[in-house]
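**Student:** I am sharing query-v3.cif, which consists of mmCIF, C-alpha atoms:
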data_coords
#
loop_
_atom_site.label_atom_id
_atom_site.label_comp_id
_atom_site.auth_asym_id
_atom_site.auth_seq_id
_atom_site.Cartn_x
_atom_site.Cartn_y
_atom_site.Cartn_z
CA MET A 1 -123.11 -110.13 -10.01
CA ALA A 2 -123.38 -112.35 -13.09
CA CYS A 3 -120.78 -115.11 -13.05
CA ARG A 4 -120.06 -118.52 -14.55
CA SER A 5 -118.94 -120.04 -11.24
CA THR A 6 -121.68 -119.40 -8.70
CA ASP A 7 -119.49 -120.81 -5.89
CA LYS A 8 -116.78 -118.21 -6.48
CA ALA A 9 -119.41 -115.54 -6.97
CA GLU A 10 -121.07 -116.34 -3.66
CA LYS A 11 -117.77 -115.94 -1.80
CA ALA A 12 -117.25 -112.58 -3.49
CA ARG A 13 -120.83 -111.56 -2.70
CA GLN A 14 -120.33 -112.26 0.99
CA GLU A 15 -117.16 -110.13 1.02
CA VAL A 16 -119.01 -107.27 -0.67
CA VAL A 17 -121.91 -107.49 1.78
CA LYS A 18 -119.52 -107.22 4.73
CA LYS A 19 -118.07 -103.98 3.36
CA ILE A 20 -121.40 -102.34 2.50
CA LYS A 21 -122.49 -99.78 5.09
CA ASN A 22 -126.03 -99.46 3.73
CA ASP A 23 -128.17 -102.37 4.94
CA SER A 24 -130.82 -101.69 2.30
CA THR A 25 -128.45 -102.59 -0.54
CA THR A 26 -129.08 -105.97 -2.14
CA VAL A 27 -126.31 -108.03 -3.74
CA GLU A 28 -127.44 -110.96 -5.87
CA VAL A 29 -125.60 -113.68 -7.78
CA TRP A 30 -126.95 -114.73 -11.17
CA LYS A 31 -125.42 -117.39 -13.38
CA ILE A 32 -124.12 -116.61 -16.86
CA ASP A 33 -121.58 -118.19 -19.20
CA LEU A 34 -120.26 -115.55 -21.60
CA ALA A 35 -119.00 -118.30 -23.93
CA SER A 36 -122.59 -119.49 -24.49
CA LEU A 37 -125.02 -117.42 -26.54
CA SER A 38 -127.99 -119.27 -25.06
CA SER A 39 -126.73 -118.54 -21.53
CA CYS A 40 -126.38 -114.86 -22.43
CA ARG A 41 -129.95 -114.79 -23.69
CA GLU A 42 -131.31 -116.64 -20.67
CA PHE A 43 -129.64 -114.14 -18.36
CA ALA A 44 -130.96 -111.18 -20.34
CA SER A 45 -134.45 -112.67 -20.49
CA LYS A 46 -134.48 -113.05 -16.71
CA TRP A 47 -133.30 -109.47 -16.24
CA ASN A 48 -135.72 -108.01 -18.78
CA ALA A 49 -138.68 -109.76 -17.15
CA ASN A 50 -138.95 -106.63 -15.02
CA PRO A 51 -139.21 -103.67 -17.44
CA ASP A 52 -138.34 -101.27 -14.60
CA ASN A 53 -134.88 -102.77 -14.09
CA LYS A 54 -132.34 -100.01 -14.68
CA ILE A 55 -128.60 -100.32 -15.30
CA ASP A 56 -126.36 -97.37 -14.46
CA ILE A 57 -123.01 -99.09 -14.96
CA LEU A 58 -122.39 -102.39 -16.74
CA TYR A 59 -118.94 -103.85 -16.01
CA LEU A 60 -117.86 -106.58 -18.44
CA ASN A 61 -114.91 -108.43 -16.98
CA ALA A 62 -115.01 -112.00 -18.32
CA GLY A 63 -111.87 -113.23 -20.05
CA LEU A 64 -110.00 -116.47 -20.57
CA ILE A 65 -107.04 -118.16 -22.23
CA ALA A 66 -107.69 -121.68 -23.52
CA PRO A 67 -104.44 -123.68 -23.88
CA ASN A 68 -106.13 -127.08 -23.76
CA ALA A 69 -107.02 -128.43 -27.21
CA SER A 70 -110.05 -130.30 -25.88
CA LEU A 71 -111.62 -127.07 -24.57
CA ILE A 72 -111.24 -124.68 -27.50
CA THR A 73 -114.75 -124.93 -28.95
CA SER A 74 -117.84 -123.35 -27.42
CA GLU A 75 -121.27 -124.98 -27.47
CA ASP A 76 -122.11 -122.71 -30.42
CA GLY A 77 -119.21 -124.14 -32.45
CA LEU A 78 -117.04 -121.04 -32.01
CA GLU A 79 -113.43 -120.72 -30.87
CA MET A 80 -113.73 -120.53 -27.09
CA THR A 81 -111.53 -117.48 -26.37
CA TYR A 82 -113.23 -115.41 -29.05
CA ALA A 83 -116.70 -116.52 -27.89
CA CYS A 84 -116.06 -115.59 -24.26
CA ASN A 85 -113.83 -112.52 -24.54
CA VAL A 86 -115.73 -110.68 -27.29
CA LEU A 87 -118.92 -112.18 -28.68
CA GLY A 88 -120.62 -112.97 -25.38
CA HIS A 89 -120.13 -109.41 -24.16
CA LEU A 90 -121.72 -107.98 -27.28
CA ALA A 91 -124.65 -110.39 -27.05
CA VAL A 92 -125.34 -109.29 -23.46
CA ILE A 93 -125.08 -105.58 -24.29
CA GLU A 94 -127.59 -105.83 -27.12
CA GLN A 95 -130.11 -107.51 -24.82
CA LEU A 96 -129.63 -104.99 -21.98
CA LEU A 97 -129.74 -101.74 -23.97
CA PRO A 98 -133.31 -100.84 -22.87
CA SER A 99 -132.25 -101.04 -19.20
CA LEU A 100 -129.19 -98.89 -19.86
CA ALA A 101 -131.36 -96.31 -21.61
CA LEU A 102 -133.36 -95.84 -18.40
CA SER A 103 -130.31 -94.37 -16.65
CA ASP A 104 -129.44 -90.67 -16.71
CA ASP A 105 -125.74 -91.54 -17.01
CA PRO A 106 -125.38 -95.06 -18.48
CA ARG A 107 -121.89 -96.53 -18.80
CA ILE A 108 -120.45 -99.74 -20.26
CA ILE A 109 -116.94 -100.54 -19.04
CA PHE A 110 -114.85 -103.42 -20.39
CA THR A 111 -111.79 -104.96 -18.79
CA GLY A 112 -109.23 -105.06 -21.59
CA SER A 113 -105.52 -105.80 -21.72
CA SER A 114 -102.35 -104.15 -22.95
CA GLY A 115 -101.75 -107.50 -24.62
CA ALA A 116 -103.79 -106.00 -27.45
CA LYS A 117 -100.66 -104.05 -28.39
CA MET A 118 -98.96 -107.35 -29.23
CA SER A 119 -101.51 -108.28 -31.88
CA THR A 120 -102.51 -107.31 -35.41
CA LEU A 121 -105.68 -108.31 -37.22
CA PRO A 122 -106.26 -108.99 -40.94
CA ASP A 123 -107.92 -106.19 -42.88
CA HIS A 124 -110.95 -108.41 -43.44
CA PRO A 125 -112.49 -111.10 -41.21
CA GLY A 126 -111.57 -114.59 -42.38
CA SER A 127 -114.14 -117.02 -43.77
CA ASN A 128 -113.60 -119.45 -40.88
CA LYS A 129 -116.97 -119.72 -39.12
CA ARG A 130 -115.31 -120.58 -35.79
CA THR A 131 -113.60 -117.21 -35.54
CA PRO A 132 -112.71 -114.18 -37.69
CA LEU A 133 -109.32 -114.22 -35.94
CA ARG A 134 -106.55 -116.82 -36.01
CA ASP A 135 -107.66 -120.30 -34.98
CA ALA A 136 -105.93 -122.72 -32.62
CA TRP A 137 -102.75 -124.60 -33.57
CA SER A 138 -102.51 -127.71 -31.45
CA ILE A 139 -99.91 -130.37 -30.73
CA GLY A 140 -101.40 -133.15 -28.69
CA SER A 141 -103.50 -131.57 -25.98
CA TYR A 142 -101.79 -128.17 -26.01
CA VAL A 143 -102.71 -125.09 -28.05
CA LEU A 144 -99.43 -123.49 -29.11
CA ASN A 145 -100.87 -120.07 -29.92
CA ALA A 146 -103.31 -119.72 -27.02
CA PHE A 147 -101.76 -116.43 -25.87
CA ASN A 148 -101.79 -115.03 -29.42
CA ILE A 149 -105.49 -115.81 -29.67
CA TYR A 150 -106.03 -114.07 -26.33
CA THR A 151 -104.25 -110.90 -27.51
CA ASP A 152 -106.23 -111.03 -30.78
CA THR A 153 -109.48 -110.98 -28.83
CA LYS A 154 -108.31 -108.06 -26.71
CA LEU A 155 -107.44 -106.02 -29.80
CA LEU A 156 -110.77 -106.93 -31.38
CA LEU A 157 -112.49 -105.92 -28.13
CA ALA A 158 -110.82 -102.51 -28.27
CA MET A 159 -111.99 -102.09 -31.86
CA VAL A 160 -115.52 -103.11 -30.90
CA VAL A 161 -115.55 -100.55 -28.07
CA ARG A 162 -114.75 -97.77 -30.53
CA GLU A 163 -117.40 -98.96 -32.95
CA LEU A 164 -119.96 -99.31 -30.15
CA GLN A 165 -119.36 -95.76 -28.99
CA GLU A 166 -119.69 -94.48 -32.54
CA SER A 167 -122.91 -96.42 -33.11
CA PHE A 168 -124.43 -95.08 -29.88
CA LYS A 169 -123.39 -91.53 -30.74
CA ASN A 170 -125.23 -91.76 -34.08
CA HIS A 171 -128.08 -94.00 -32.94
CA PRO A 172 -131.46 -93.13 -34.52
CA ASP A 173 -133.08 -93.48 -31.09
CA GLU A 174 -132.05 -90.50 -28.96
CA LYS A 175 -132.29 -92.41 -25.67
CA TYR A 176 -129.20 -94.46 -26.57
CA ARG A 177 -126.97 -91.57 -27.61
CA ASN A 178 -125.62 -90.78 -24.15
CA ILE A 179 -124.34 -94.31 -23.40
CA PHE A 180 -120.64 -94.09 -22.53
CA VAL A 181 -118.31 -96.96 -23.47
CA ALA A 182 -114.74 -97.51 -22.24
CA ASN A 183 -112.10 -100.24 -22.22
CA TYR A 184 -109.29 -100.29 -19.65
CA HIS A 185 -106.14 -102.24 -18.86
CA PRO A 186 -105.99 -103.03 -15.12
CA GLY A 187 -102.26 -103.74 -15.09
CA PHE A 188 -100.48 -107.00 -14.26
CA VAL A 189 -103.03 -108.40 -11.82
CA LYS A 190 -102.85 -111.53 -9.73
CA THR A 191 -105.92 -113.48 -10.86
CA THR A 192 -106.72 -117.11 -11.62
CA ILE A 193 -106.61 -116.66 -15.41
CA SER A 194 -103.30 -118.53 -15.60
CA ASN A 195 -104.38 -121.26 -13.17
CA LYS A 196 -104.82 -124.27 -15.46
CA ASP A 197 -104.40 -127.13 -13.00
CA HIS A 198 -107.60 -128.69 -14.37
CA TYR A 199 -106.10 -128.78 -17.89
CA GLY A 200 -103.86 -131.78 -17.17
CA LEU A 201 -100.36 -131.94 -18.65
CA SER A 202 -100.69 -128.64 -20.50
CA SER A 203 -100.94 -126.91 -17.12
CA LEU A 204 -97.17 -127.36 -16.72
CA LEU A 205 -96.57 -124.47 -19.12
CA SER A 206 -98.43 -122.12 -16.79
CA ILE A 207 -95.89 -122.69 -13.98
CA PRO A 208 -93.52 -119.85 -15.03
CA VAL A 209 -96.51 -117.52 -15.48
CA ASP A 210 -97.74 -118.38 -12.00
CA PHE A 211 -94.28 -117.65 -10.59
CA LEU A 212 -94.16 -114.18 -12.16
CA THR A 213 -97.75 -113.49 -11.14
CA ASN A 214 -97.16 -114.40 -7.50
CA ARG A 215 -93.97 -112.34 -7.36
CA TYR A 216 -94.77 -109.17 -9.30
CA ALA A 217 -98.53 -108.85 -9.90
CA ILE A 218 -100.75 -106.30 -8.18
CA THR A 219 -103.88 -107.21 -6.25
CA PRO A 220 -107.33 -107.26 -7.90
CA GLU A 221 -108.35 -104.33 -5.66
CA VAL A 222 -105.57 -102.17 -7.13
CA GLY A 223 -106.28 -103.40 -10.66
CA ALA A 224 -109.93 -102.40 -10.33
CA ARG A 225 -109.12 -98.74 -9.66
CA PRO A 226 -109.15 -97.58 -13.32
CA GLY A 227 -112.57 -99.19 -13.73
CA LEU A 228 -113.87 -97.48 -10.61
CA TYR A 229 -112.60 -94.16 -11.92
CA LEU A 230 -114.34 -94.68 -15.26
CA GLY A 231 -117.55 -95.52 -13.44
CA SER A 232 -117.50 -92.52 -11.10
CA ALA A 233 -115.67 -89.61 -12.75
CA SER A 234 -117.63 -86.79 -14.36
CA ILE A 235 -118.61 -87.81 -17.86
CA GLU A 236 -117.30 -84.49 -19.19
CA GLN A 237 -113.78 -85.66 -18.31
CA LEU A 238 -114.08 -88.97 -20.16
CA PRO A 239 -113.69 -89.29 -23.93
CA GLY A 240 -115.84 -92.19 -25.09
CA GLY A 241 -114.61 -95.29 -26.88
CA GLU A 242 -111.04 -94.95 -25.60
CA PHE A 243 -108.55 -97.46 -24.26
CA TRP A 244 -107.39 -96.51 -20.75
CA ASP A 245 -104.17 -97.67 -19.08
CA GLU A 246 -103.64 -98.85 -15.50
CA ASN A 247 -103.22 -95.22 -14.39
CA ALA A 248 -106.67 -94.32 -15.73
CA GLU A 249 -105.15 -92.30 -18.57
CA PRO A 250 -106.22 -92.55 -22.21
CA ALA A 251 -103.60 -94.62 -23.99
CA SER A 252 -102.70 -95.12 -27.62
CA LEU A 253 -103.41 -98.77 -28.18
CA THR A 254 -101.93 -98.92 -31.66
CA ALA A 255 -100.90 -96.50 -34.37
CA GLN A 256 -103.08 -98.52 -36.73
CA TYR A 257 -106.10 -96.63 -35.41
CA ASP A 258 -104.99 -93.74 -37.60
CA ASN A 259 -105.21 -95.99 -40.62
CA GLU A 260 -108.40 -95.71 -42.67
CA ALA A 261 -108.09 -99.35 -43.71
CA LEU A 262 -108.23 -100.49 -40.08
CA ARG A 263 -111.27 -98.32 -39.37
CA ARG A 264 -112.99 -99.94 -42.33
CA CYS A 265 -111.80 -103.32 -41.07
CA THR A 266 -113.29 -102.54 -37.65
CA LYS A 267 -116.73 -102.02 -39.17
CA LEU A 268 -116.50 -105.35 -41.00
CA TYR A 269 -115.59 -107.23 -37.82
CA TYR A 270 -118.32 -105.42 -35.91
CA ARG A 271 -120.97 -106.35 -38.48
CA ARG A 272 -119.93 -109.99 -38.33
CA LEU A 273 -120.12 -109.92 -34.53
CA ARG A 274 -123.58 -108.33 -34.65
CA ASN A 275 -124.78 -111.06 -37.02
CA LEU A 276 -123.48 -113.83 -34.77
CA SER A 277 -124.75 -112.35 -31.53
CA ASN A 278 -128.29 -112.24 -32.95
CA ILE A 279 -128.35 -115.87 -34.09
CA ILE A 280 -130.65 -118.09 -32.03
CA PRO A 281 -129.03 -121.55 -32.15
CA PRO A 282 -131.53 -124.31 -32.99
CA MET A 283 -132.07 -127.15 -30.57
CA GLY A 284 -132.12 -130.82 -31.48
CA TYR A 285 -131.49 -131.40 -35.19
CA ASP A 286 -129.80 -134.22 -37.08
CA LYS A 287 -126.38 -132.89 -38.00
CA GLY A 288 -125.88 -135.76 -40.42
CA LYS A 289 -128.64 -134.66 -42.81
CA GLN A 290 -128.29 -131.00 -43.61
CA ALA A 291 -128.82 -128.72 -46.58
CA ALA A 292 -128.60 -125.00 -47.22
CA VAL A 293 -130.31 -122.50 -49.48
CA MET A 294 -129.03 -119.06 -50.33
CA VAL A 295 -131.44 -116.17 -49.81
CA ALA A 296 -129.55 -113.96 -52.25
CA LEU A 297 -130.54 -110.30 -52.00
CA PHE A 298 -129.57 -107.31 -54.11
CA ILE A 299 -130.53 -103.64 -54.10
CA GLY A 300 -132.94 -102.58 -56.82
CA ARG A 301 -133.20 -99.36 -58.80
CA LEU A 302 -135.33 -97.69 -56.13
CA GLY A 303 -133.19 -98.83 -53.23
CA ASP A 304 -135.50 -101.71 -52.34
CA LEU A 305 -134.29 -105.26 -51.76
CA HIS A 306 -134.99 -108.05 -54.25
CA VAL A 307 -134.73 -111.83 -53.77
CA LEU A 308 -133.09 -114.06 -56.37
CA LEU A 309 -135.19 -117.10 -57.35
CA SER A 310 -134.64 -119.98 -59.75
CA GLN A 311 -136.80 -122.39 -61.73
CA ARG A 312 -135.63 -125.98 -61.61
CA SER A 313 -134.91 -127.84 -64.82
CA ASP A 314 -137.79 -129.82 -66.33
CA PHE A 315 -135.43 -132.80 -66.61
CA LEU A 316 -134.85 -133.20 -62.87
CA SER A 317 -136.43 -136.26 -61.23
CA SER A 318 -137.65 -134.30 -58.19
CA TYR A 319 -139.79 -131.17 -58.35
CA PRO A 320 -139.12 -130.45 -62.05
CA GLY A 321 -139.98 -126.90 -63.09
CA ASP A 322 -140.60 -125.70 -59.55
CA THR A 323 -139.66 -122.24 -58.32
CA CYS A 324 -137.15 -122.32 -55.48
CA LEU A 325 -134.18 -120.76 -53.76
CA ILE A 326 -130.73 -121.85 -54.85
CA GLY A 327 -129.24 -124.58 -52.67
CA GLY A 328 -128.66 -128.23 -51.97
CA ARG A 329 -127.38 -130.87 -49.56
CA LYS A 330 -124.31 -130.31 -47.40
CA GLU A 331 -121.34 -132.34 -48.60
CA PRO A 332 -118.82 -133.90 -46.16
CA SER A 333 -116.13 -131.59 -47.55
CA ASP A 334 -118.17 -128.41 -46.84
CA VAL A 335 -116.73 -126.54 -43.85
CA ASP A 336 -120.18 -125.26 -42.83
CA VAL A 337 -123.68 -124.64 -44.17
CA GLU A 338 -122.76 -121.15 -45.39
CA TYR A 339 -120.16 -122.73 -47.65
CA THR A 340 -122.78 -125.24 -48.81
CA ALA A 341 -125.05 -122.41 -49.94
CA ARG A 342 -122.15 -120.65 -51.67
CA ARG A 343 -120.96 -123.83 -53.41
CA GLU A 344 -124.46 -124.64 -54.66
CA ALA A 345 -124.92 -121.08 -55.94
CA GLU A 346 -121.67 -121.38 -57.87
CA GLU A 347 -122.61 -124.77 -59.31
CA GLU A 348 -126.16 -123.81 -60.27
CA ILE A 349 -125.93 -120.21 -61.49
CA GLY A 350 -122.21 -119.36 -61.50
CA LEU A 351 -122.34 -117.05 -58.49
CA PRO A 352 -118.70 -116.87 -57.33
CA ILE A 353 -117.61 -118.04 -53.88
CA ASP A 354 -116.39 -114.54 -53.10
CA TYR A 355 -116.99 -113.18 -49.62
CA ASP A 356 -116.66 -109.57 -50.82
CA CYS A 357 -118.88 -109.72 -53.91
CA VAL A 358 -121.49 -111.86 -52.16
CA ARG A 359 -121.47 -110.78 -48.52
CA TYR A 360 -122.78 -112.88 -45.66
CA VAL A 361 -125.65 -111.26 -43.73
CA ALA A 362 -127.18 -113.85 -41.42
CA THR A 363 -128.13 -117.48 -40.87
CA LEU A 364 -131.86 -117.87 -40.28
CA PRO A 365 -133.42 -120.59 -38.10
CA PRO A 366 -133.49 -123.94 -39.94
CA HIS A 367 -136.52 -125.74 -41.33
CA LEU A 368 -137.20 -129.47 -41.52
CA ALA A 369 -137.90 -130.72 -45.04
CA GLY A 370 -139.37 -134.17 -45.66
CA TYR A 371 -140.50 -136.85 -43.25
CA GLY A 372 -139.08 -139.72 -41.24
CA LEU A 373 -135.65 -141.03 -42.22
CA SER A 374 -135.55 -138.82 -45.31
CA ALA A 375 -136.02 -135.57 -43.35
CA VAL A 376 -133.33 -132.93 -43.94
CA THR A 377 -132.52 -129.83 -41.90
CA VAL A 378 -132.42 -126.88 -44.30
CA TRP A 379 -130.51 -123.72 -43.33
CA PRO A 380 -131.41 -120.40 -45.03
CA ILE A 381 -128.22 -118.37 -45.55
CA VAL A 382 -128.89 -114.68 -46.28
CA CYS A 383 -126.31 -112.96 -48.49
CA LEU A 384 -126.15 -109.60 -50.24
CA ILE A 385 -124.86 -109.37 -53.82
CA THR A 386 -122.80 -106.18 -53.95
CA ASP A 387 -120.96 -106.58 -57.27
CA ARG A 388 -123.34 -105.43 -60.00
CA ALA A 389 -120.89 -106.58 -62.69
CA LEU A 390 -121.56 -110.25 -61.95
CA VAL A 391 -123.28 -112.14 -64.77
CA PRO A 392 -125.02 -115.48 -64.04
CA MET A 393 -123.95 -118.65 -65.88
CA LEU A 394 -126.73 -121.22 -65.51
CA ASN A 395 -126.18 -124.96 -65.22
CA GLU A 396 -128.93 -126.18 -67.56
CA ASP A 397 -128.94 -129.64 -65.99
CA GLU A 398 -130.29 -128.09 -62.78
CA VAL A 399 -131.68 -124.62 -63.55
CA GLN A 400 -133.63 -123.44 -66.59
CA ARG A 401 -133.88 -119.78 -65.55
CA ILE A 402 -133.49 -117.30 -62.72
CA PHE A 403 -135.51 -114.21 -61.87
CA SER A 404 -136.17 -111.99 -58.88
CA HIS A 405 -138.98 -110.43 -56.90
CA PRO A 406 -139.18 -107.64 -54.30
CA LEU A 407 -138.43 -108.89 -50.81
CA GLU A 408 -141.42 -106.92 -49.50
CA SER A 409 -143.80 -109.31 -51.26
CA PHE A 410 -142.48 -112.24 -49.23
CA LEU A 411 -143.13 -110.41 -45.99
CA SER A 412 -146.89 -110.37 -46.59
CA HIS A 413 -149.39 -113.21 -46.20
CA ARG A 414 -151.14 -112.01 -49.36
CA PRO A 415 -148.49 -110.90 -51.87
CA ASP A 416 -149.94 -108.70 -54.57
CA LYS A 417 -148.33 -109.96 -57.74
CA LEU A 418 -146.30 -113.07 -57.01
CA LEU A 419 -148.75 -115.87 -57.81
CA LEU A 420 -147.49 -119.37 -57.21
CA ARG A 421 -149.44 -122.42 -58.36
CA LEU A 422 -147.94 -125.87 -58.08
CA GLY A 423 -144.53 -124.31 -57.66
CA HIS A 424 -144.62 -122.37 -60.94
CA LEU A 425 -144.38 -118.61 -61.27
CA GLU A 426 -147.47 -117.20 -62.98
CA ASP A 427 -146.71 -113.48 -62.96
CA GLU A 428 -143.24 -112.04 -63.56
CA SER A 429 -144.26 -108.43 -64.12
CA ASP A 430 -142.15 -107.25 -61.17
CA ALA A 431 -139.04 -109.30 -62.05
CA TYR A 432 -135.88 -107.20 -61.93
CA HIS A 433 -132.17 -107.98 -61.73
CA TRP A 434 -128.98 -106.29 -60.65
CA TYR A 435 -127.35 -107.30 -63.96
CA GLN A 436 -130.13 -106.60 -66.49
CA ALA A 437 -133.89 -106.42 -67.01
CA GLY A 438 -135.82 -109.59 -67.76
CA THR A 439 -134.97 -113.21 -66.96
CA VAL A 440 -131.98 -115.41 -67.73
CA SER A 441 -132.57 -118.80 -69.34
CA ALA A 442 -130.16 -121.72 -69.43
CA ASN A 443 -130.03 -121.73 -73.22
CA THR A 444 -129.27 -118.01 -73.43
CA SER A 445 -125.69 -116.72 -73.34
CA LEU A 446 -125.53 -113.12 -72.15
CA ARG A 447 -122.69 -110.67 -71.80
CA PRO A 448 -122.67 -107.76 -69.32
CA GLY A 449 -125.03 -105.03 -70.46
CA GLU A 450 -127.08 -107.25 -72.79
CA THR A 451 -130.76 -107.96 -72.17
CA GLN A 452 -132.99 -110.75 -73.25
#
Mind converting the file's structure to C-alpha cells?

**Tutor:**
Amino acid sequence: MACRSTDKAEKARQEVVKKIKNDSTTVEVWKIDLASLSSCREFASKWNANPDNKIDILYLNAGLIAPNASLITSEDGLEMTYACNVLGHLAVIEQLLPSLALSDDPRIIFTGSSGAKMSTLPDHPGSNKRTPLRDAWSIGSYVLNAFNIYTDTKLLLAMVVRELQESFKNHPDEKYRNIFVANYHPGFVKTTISNKDHYGLSSLLSIPVDFLTNRYAITPEVGARPGLYLGSASIEQLPGGEFWDENAEPASLTAQYDNEALRRCTKLYYRRLRNLSNIIPPMGYDKGKQAAVMVALFIGRLGDLHVLLSQRSDFLSSYPGDTCLIGGRKEPSDVDVEYTARREAEEEIGLPIDYDCVRYVATLPPHLAGYGLSAVTVWPIVCLITDRALVPMLNEDEVQRIFSHPLESFLSHRPDKLLLRLGHLEDESDAYHWYQAGTVSANTSLRPGETQ
C-alpha cells in the first residue's frame, strides 16, 4: 500500500490484515506523494532494489481537487491537480514496468471518473509549463475552476490509458506486450476528496457537496467492485484501454474518441507527459541567475540527427568567435527557461517561437557556468526542428554564422571530425542543414532553395 498519509494507510492496513485468512500474507505501508516526481522516483527506487519483486496488479487510485489558491502548485512547479491525478501515475508506471513484466498476467488499473464526460481538451497541449490543460483562476484564496481542472485531468487520464495500452501492444520488447490497462468510474462514492476543512474559508463551498455525499453516495467497498472485477476477470473478457462504468461495463466516455484529430491530440499530450515524467529535477540552484541554450536538432538526409551550432560574432566582448549553442540569460519577463531558449533562438538566428515548427523534446539537467557571484545556472532545452521550409535570419551583432554536425559525434569522447581548438571549428566537412548545404553567414542573404 503506497500512500501519501501513512497514518490513514496504517489504519487501512490493520483493517485489511483482520480480514485476511492467510497468515502468511504480508501487508506493508510505503510512503509516496503522487504530486511529487522525486517522491515517485524514491518509491520506485526502493521497490526496484529487489530485482525479484513482481507486480501482478497495480491499482492507481490517487486523485484530488485543489480549490485553495495557496495549494495549487506542486514542488516541481506544476499545477497540483494535474501533477497528482495524471503525471505522477505515469512516472510510477514507467519506473515499475520491469516488475510488471515479470507477471504472467500483469494489469494496470486506474480509478477514473465520469466527470471526464464534462470536459473537453484543446487539440494541442498549451505552452504553459505548469499544465497542458486549463490553469487555475483564483479570487482571493479560492480557485473558481477547481472542479473543471479535476474533470480535465480525468479526461486526460482516460486518453493516457488508451495511449498506454496502444504503446504496450506495439512495444518493441515482447515482455511488455501483454500488460493490460483499464480505467474505471467507481460511481458516486463517499470519500474524503471533498473534505477541505484544512483549506480555511474556501472549505465553506464544500458544504453542499458534503451534504449530497453523506446522503446519496455509495460506500468505498461498493465503489471498489468494478476495480476488483477488472483485476480478477479472465483477460479474454476485457478489452484493453477502455473506460469502464460503475457496473463494470465498457462505457463510451466521449464521442470525440471517434475523431482522428483527438487521437492525434492524445499522442501529443502523451509525449509531453512522457517528457515531464522523465525529468530529474535539480536540487539547490540559484533561481535568480539562470540562462538557457537550445539544443536544436533536425533530421538529416540519411535519417540521422544533427545539432545546430553557431559561431559568435567577432565584435562581442565575451568569447568572440567561439562556437556555441544558441542561448542566453533568462529575462524577468520569460515565463520559463524553455521560453528563454526560444526567445534567444528567435533573436539570434530568426528561429520562430512556434511550438509546432520547433517542437519541445526535453529539458536536460542544468550546468553551472562561471564562478562565485557571477555563476549562472544554464538549462539545455532540446527541441526538434520539423519545418524544413524555415530559413535562418542571423543577427550579425551576435552571430556571424551557423552550421551543424551529426549528433552522434557529440556522444563520443573522441569525435572523428569535429575538431575544436580555442572554441573555433576547424573542420566543417560534415556540416549539413535542413534548409540547404553549406553554412549561413550573417552578411549573406539567402532565400529558400538557395545555397552558399

**Student:** Figure out the distance between atom CA of A:Ile32 and atom CA of A:Leu90, please, to one decimal in Å.

**Tutor:** 13.7 Å

**Student:** Carefully work through the PyMOL selection byres ((chain A and resi 58-67) around 7) for this structure and note down the residues it includes, as a list in words.

**Tutor:**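 Matching residues under the PyMOL selection byres ((chain A and resi 58-67) around 7) are Ile55, Asp56, Ile57, Asn68, Ala69, Leu71, Ile72, Thr81, Cys84, Asn85, His89, Arg107, Ile108, Ile109, Phe110, Thr111, Tyr142, Val143, Ala146, Phe147, Tyr150 and Ile193 of chain A.
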
**Student:** Show me, as a list of chain:residue names, the residues that have an atom within 10 Å of A:Ala224 when counting all atoms listed in the file, minus same-chain residues fewer than 6 positions from it.

**Tutor:**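 That gives A:Thr111, A:Tyr184, A:His185, A:Pro186, A:Gly187, A:Val189, A:Glu246.
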
**Student:** Within 10 Å of (-108.8, -102.0, -22.0) (coordinates as in the file), grab all the protein and nucleic acid residues, counting all atoms listed in the file, and write them out as a list in words.

**Tutor:** Ile109, Phe110, Thr111, Gly112, Ser113, Ser114, Gly115, Ala116, Lys154, Leu155, Leu157, Ala158, Val161, Ala182, Asn183, Tyr184, His185, Pro186, Gly187, Pro226, Gly227, Glu242, Phe243, Trp244, Asp245, Glu246, Pro250, Ala251 and Leu253 of chain A

**Student:** Distance atom CA of A:Leu87-atom CA of A:Leu34, one decimal place?

**Tutor:**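 About the pair atom CA of A:Leu87 and atom CA of A:Leu34: they are 8.0 Å apart.
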
**Student:** Can you measure atom CA of A:Asp397 to atom CA of A:Ile381 for me? One decimal in Å is fine.

**Tutor:**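 Interatomic distance here is 23.4 Å.
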